[in-house]
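Everything below concerns the one structure shown next.
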Amino acid sequence: MLFVVLLATAGMAAGAAVAGPQITGPPSAAVVRKRADMTDSAYLSSASSLCAQNHWDCCPLTTGPLPVPTPDTASSFVANHSYSSLAAAATIPTGYSKAFTNAHGSIQQSFGYLGLTQLSAYDADLCADFCNQDSGCRAFNIYVERDPVLRPAYSVCTDPPSTGNIACTRWGYPINGSSATNDGSWQASFRVAITASNGYNKNLDALPPQTIPDFTGPTVINNRAIQDDSYYLFVDHSDQSAFDPALCAADCKQNTAYNKAHAVNGVYTACNTFNAYIPVKNGVAEGTRCVLYSEIVSDITNKATNTGETRGNDVYTIGESDVYTLTTPDNGQL
C-alpha cells in the first residue's frame, strides 16, 4: 500500500498581512544620550577607538537606501507606512505568484536557504533575478530590515542609530506566510526589526524539467503523486538546500544495490521507478520525498491520483512532483 504524506503550496492567501511583533517603546533618555548624536566628537572618537582595537565592535556598517522614521525606534520602524506602501505596491514578477504580503518577519525555516543579497531598491523583479540565478531556487522573500550603522557593543555603542536595508533571500522550496516568523533580534541594546516582507513562489510551469542519467523522464504530475501496487519504500530528505529529484535517483540506485547484495535465492527487489515530490503540511513545504517502485510504472498520468489528505486539523498536499523510470529495466534477478 502506498503511504504518502502530501502537501501542496496552499499558503497564506495573496495579499494577506501578518500581524506585527510586540516591540518595546522608545529607549530611555539615558540611552538616547548615549547613542543618538553621530556628530558628537566624543562618541565618534570612543567608537572609532574601540573599532581600531578589535576591528569589530563599533565598526561602521553598510548604510541602507531607505530613510528611517523619527523617533528612531524599532516600534516606529515596523509601523512606518512608507515601508508597508512599498510592499503593497510591489509588482509580481513574471513566472511567480505572491505567497504573502506585508509581514513583519522574514522567512525562517531549517532547510532550503540559498542565500541573501542586499538590494538598492524595493523591487521584486530584482529579487526574482537573484532567485533565477540559482537553478534550485523555488521562492524568494524581499523585506525591509532595521540595522545598526555601527556594530553594537556592550560598552560604547550599545544602541547606535539605525538604517533601512532592503534584503532579498532565496529558497529551494516554496514559502508560506506562516514561516515568516523571524521578526529580528537584539544586538546589545539595538533591536533589529523586519517589516514590509513579501514572499513569492515560482510557478510550477516555469520550472524547467530536470534530466537524470540512466533514467527516462520526468513525467511532470505536479500537485499529485502516483498510486501503484509495486510501491515498496519511501525516503524523506528534510535537510537539503533545494528540491532535487537527483536525490531520489541516488536512493533508487543505492537501494537496488543493497537489495542485490542481499538477494535471496537469486531474487531481489529492484527500484525501476521513483516519484520525487515536495510534501506540504498546512501550506509549508517539508522537504523532498522519494517514493520507490519495483516495476516500470506505465500510464503514469492516470495513476497520479494521490492529491493528499486531511488528518484532524492538518491538511497534507503535494507540490512539485516528477516521475522517472529506469532507462534499462532491472528484472530483480541475478
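By order of appearance in the C-alpha cells: chains A, B, ..., then residues from 1 within every chain, and ligands from 1 in the order shown.
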
Would you return as a tab-separated table (two decimals) with C-alpha atoms, in the first residue's frame the members of segment 79-205 of chain A that DSSP assigns to alpha helix (DSSP H) on this structure's backbone?
```
chain	number	residue	atom	x	y	z
A	81	HIS	CA	3.63	53.35	6.45
A	82	SER	CA	6.17	54.28	3.79
A	83	TYR	CA	7.66	50.79	4.12
A	84	SER	CA	4.32	48.98	4.03
A	85	SER	CA	3.37	51.05	0.98
A	86	LEU	CA	6.43	49.71	-0.84
A	87	ALA	CA	5.35	46.15	-0.11
A	88	ALA	CA	1.74	46.78	-1.11
A	89	ALA	CA	2.75	48.39	-4.41
A	124	ALA	CA	10.53	42.34	-6.54
A	125	ASP	CA	11.92	41.92	-10.06
A	126	LEU	CA	15.46	42.46	-8.74
A	127	CYS	CA	14.87	39.81	-6.09
A	128	ALA	CA	13.42	37.46	-8.72
A	129	ASP	CA	16.58	37.94	-10.79
A	130	PHE	CA	18.62	36.83	-7.77
A	131	CYS	CA	16.41	33.75	-7.41
A	132	ASN	CA	16.64	32.92	-11.12
```

Each residue of segment 199-266 of chain A with at least one atom at most 9 Å from segment 291-295 of chain A should appear once, together with its nearest atom pair and the corresponding distance in Å (one decimal); atoms considered: only C-alpha atoms; ordering: chain, then increasing residue number; output as a tab-separated table.
```
residue	atom	partner	partner_atom	distance
A:Asp228	CA	A:Tyr293	CA	7.8
A:Asp229	CA	A:Tyr293	CA	8.2
A:Ser230	CA	A:Tyr293	CA	5.1
A:Tyr231	CA	A:Tyr293	CA	4.3
A:Tyr232	CA	A:Tyr293	CA	5.8
A:Leu233	CA	A:Leu292	CA	5.3
A:Phe234	CA	A:Val291	CA	4.2
A:Val235	CA	A:Val291	CA	6.6
A:Asp236	CA	A:Val291	CA	8.8
A:Cys248	CA	A:Val291	CA	7.9
A:Asp251	CA	A:Leu292	CA	8.5
A:Cys252	CA	A:Leu292	CA	6.6
```

Notebook entry, point to check: Could you pull out all residues of segment 96-277 of chain A with a DSSP call of strand (DSSP E or B) and give them as JSON, numbers by chain?
Noted result: {"A": [96, 97, 98, 99, 100, 101, 102, 103, 106, 113, 114, 115, 116, 117, 118, 119, 139, 140, 141, 142, 143, 144, 145, 146, 147, 148, 150, 162, 163, 164, 165, 166, 167, 168, 169, 170, 171, 172, 182, 184, 185, 186, 187, 190, 191, 192, 193, 194, 195, 196, 197, 198, 199, 200, 201, 202, 215, 216, 217, 218, 219, 220, 225, 231, 232, 233, 234, 235, 236, 237, 242, 264, 267, 273, 274, 275, 276, 277]}

Per residue of segment 60-117 of chain A within 12 Å of segment 200-206 of chain A, which atom pair is closest and at what distance in Å (one decimal), using only C-alpha atoms, listed by chain and increasing number, as a Markdown table?
```
| residue | atom | partner | partner_atom | distance |
| --- | --- | --- | --- | --- |
| A:Ala87 | CA | A:Tyr200 | CA | 12.0 |
| A:Ala90 | CA | A:Tyr200 | CA | 11.0 |
| A:Thr91 | CA | A:Tyr200 | CA | 10.5 |
| A:Ile92 | CA | A:Tyr200 | CA | 7.8 |
| A:Pro93 | CA | A:Tyr200 | CA | 8.5 |
| A:Thr94 | CA | A:Lys202 | CA | 9.0 |
| A:Gly95 | CA | A:Asn203 | CA | 5.5 |
| A:Tyr96 | CA | A:Lys202 | CA | 4.3 |
| A:Ser97 | CA | A:Asn201 | CA | 5.3 |
| A:Lys98 | CA | A:Tyr200 | CA | 4.4 |
| A:Ala99 | CA | A:Tyr200 | CA | 5.1 |
| A:Phe100 | CA | A:Tyr200 | CA | 7.2 |
| A:Thr101 | CA | A:Tyr200 | CA | 9.1 |
| A:Asn102 | CA | A:Tyr200 | CA | 12.0 |
| A:Ile107 | CA | A:Tyr200 | CA | 11.1 |
```

Can you write out the residues you just picked, keeping N, CA and C atoms, as an mmCIF file, in the first residue's frame?
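Contents of part.cif, freshly written:
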```
data_model
loop_
_atom_site.group_PDB
_atom_site.id
_atom_site.type_symbol
_atom_site.label_atom_id
_atom_site.label_comp_id
_atom_site.auth_asym_id
_atom_site.auth_seq_id
_atom_site.Cartn_x
_atom_site.Cartn_y
_atom_site.Cartn_z
ATOM 1 N N ALA A 87 5.735 47.556 0.008
ATOM 2 C CA ALA A 87 5.354 46.147 -0.113
ATOM 3 C C ALA A 87 4.019 45.997 -0.830
ATOM 4 N N ALA A 90 4.342 46.561 -4.651
ATOM 5 C CA ALA A 90 5.283 45.717 -5.398
ATOM 6 C C ALA A 90 4.554 44.881 -6.443
ATOM 7 N N THR A 91 5.107 44.818 -7.630
ATOM 8 C CA THR A 91 4.525 44.014 -8.699
ATOM 9 C C THR A 91 4.940 42.554 -8.549
ATOM 10 N N ILE A 92 4.202 41.675 -9.200
ATOM 11 C CA ILE A 92 4.515 40.244 -9.175
ATOM 12 C C ILE A 92 5.383 39.918 -10.384
ATOM 13 N N PRO A 93 6.600 39.445 -10.177
ATOM 14 C CA PRO A 93 7.486 39.146 -11.306
ATOM 15 C C PRO A 93 6.920 38.046 -12.201
ATOM 16 N N THR A 94 7.274 38.104 -13.465
ATOM 17 C CA THR A 94 6.852 37.083 -14.420
ATOM 18 C C THR A 94 7.337 35.705 -13.971
ATOM 19 N N GLY A 95 6.423 34.734 -13.998
ATOM 20 C CA GLY A 95 6.773 33.376 -13.610
ATOM 21 C C GLY A 95 6.611 33.080 -12.142
ATOM 22 N N TYR A 96 6.073 34.047 -11.386
ATOM 23 C CA TYR A 96 5.912 33.882 -9.940
ATOM 24 C C TYR A 96 4.479 34.173 -9.508
ATOM 25 N N SER A 97 4.143 33.709 -8.311
ATOM 26 C CA SER A 97 2.876 34.030 -7.662
ATOM 27 C C SER A 97 3.182 34.545 -6.261
ATOM 28 N N LYS A 98 2.351 35.476 -5.794
ATOM 29 C CA LYS A 98 2.582 36.040 -4.465
ATOM 30 C C LYS A 98 2.109 35.068 -3.396
ATOM 31 N N ALA A 99 2.949 34.840 -2.385
ATOM 32 C CA ALA A 99 2.612 33.935 -1.285
ATOM 33 C C ALA A 99 2.073 34.694 -0.078
ATOM 34 N N PHE A 100 2.627 35.876 0.195
ATOM 35 C CA PHE A 100 2.143 36.701 1.308
ATOM 36 C C PHE A 100 2.641 38.129 1.114
ATOM 37 N N THR A 101 1.992 39.063 1.791
ATOM 38 C CA THR A 101 2.301 40.486 1.646
ATOM 39 C C THR A 101 2.386 41.161 3.009
ATOM 40 N N ASN A 102 3.361 42.047 3.149
ATOM 41 C CA ASN A 102 3.454 42.944 4.302
ATOM 42 C C ASN A 102 3.525 42.229 5.651
ATOM 43 N N ILE A 107 11.256 34.974 6.231
ATOM 44 C CA ILE A 107 11.126 33.518 6.246
ATOM 45 C C ILE A 107 12.207 32.908 7.132
#
```

Margin query: If I take atom CA of Ile318 of chain A and atom CA of Asn306 of chain A, how far is one from the other in Å, to one decimal?
Written below: 8.5 Å

Margin query: Using Å and a single decimal, report how far atom CA of Gly112 of chain A sits from atom CA of Tyr324 of chain A.
Written below: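 These two atoms are separated by 23.0 Å.
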
Next item on the list: Name the residues in contact with Gly105 of chain A at a cut-off of 7 Å, using only C-alpha atoms, excluding same-chain residues fewer than 6 positions from it; report them as a list in words.
Entry: Ala180, Thr181, Asn182, Asp183, Ile194, Thr195 and Ser197 of chain A

Next, write the just-selected residues to a file, as an mmCIF file, in the first residue's frame, keeping C-alpha atoms as the atom set.
```
data_model
loop_
_atom_site.group_PDB
_atom_site.id
_atom_site.type_symbol
_atom_site.label_atom_id
_atom_site.label_comp_id
_atom_site.auth_asym_id
_atom_site.auth_seq_id
_atom_site.Cartn_x
_atom_site.Cartn_y
_atom_site.Cartn_z
ATOM 1 C CA ALA A 180 7.651 34.490 8.149
ATOM 2 C CA THR A 181 8.485 34.343 11.844
ATOM 3 C CA ASN A 182 11.914 35.986 12.013
ATOM 4 C CA ASP A 183 10.975 39.399 13.419
ATOM 5 C CA ILE A 194 11.807 43.431 9.969
ATOM 6 C CA THR A 195 8.788 44.749 8.112
ATOM 7 C CA SER A 197 8.060 41.407 3.992
#
```

Item checked: Atomic separation - atom CA of Gly136 of chain A relative to atom CA of Gly287 of chain A, Å ->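 Atom CA of Gly136 of chain A lies at a distance of 12.9 Å from atom CA of Gly287 of chain A.
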
Notebook entry, point to check: Which neighbours of segment 147-162 of chain A fall inside 10 Å, counting only C-alpha atoms, when residues of the same chain fewer than 6 positions from it are skipped, and could you give them as a PyMOL selection string?
Noted result: chain A and resi 27+31-32+34-38+43-44+46-51+56-64+67-69+72-74+77+184+186-194

Next item on the list: Using only C-alpha atoms, pick whichever of A:Cys290, A:Leu247, A:Ala121, A:Cys271 has the shortest atom-to-atom distance to Asn331 of chain A.
Entry: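 Closest residue, counting only C-alpha atoms: A:Cys271.
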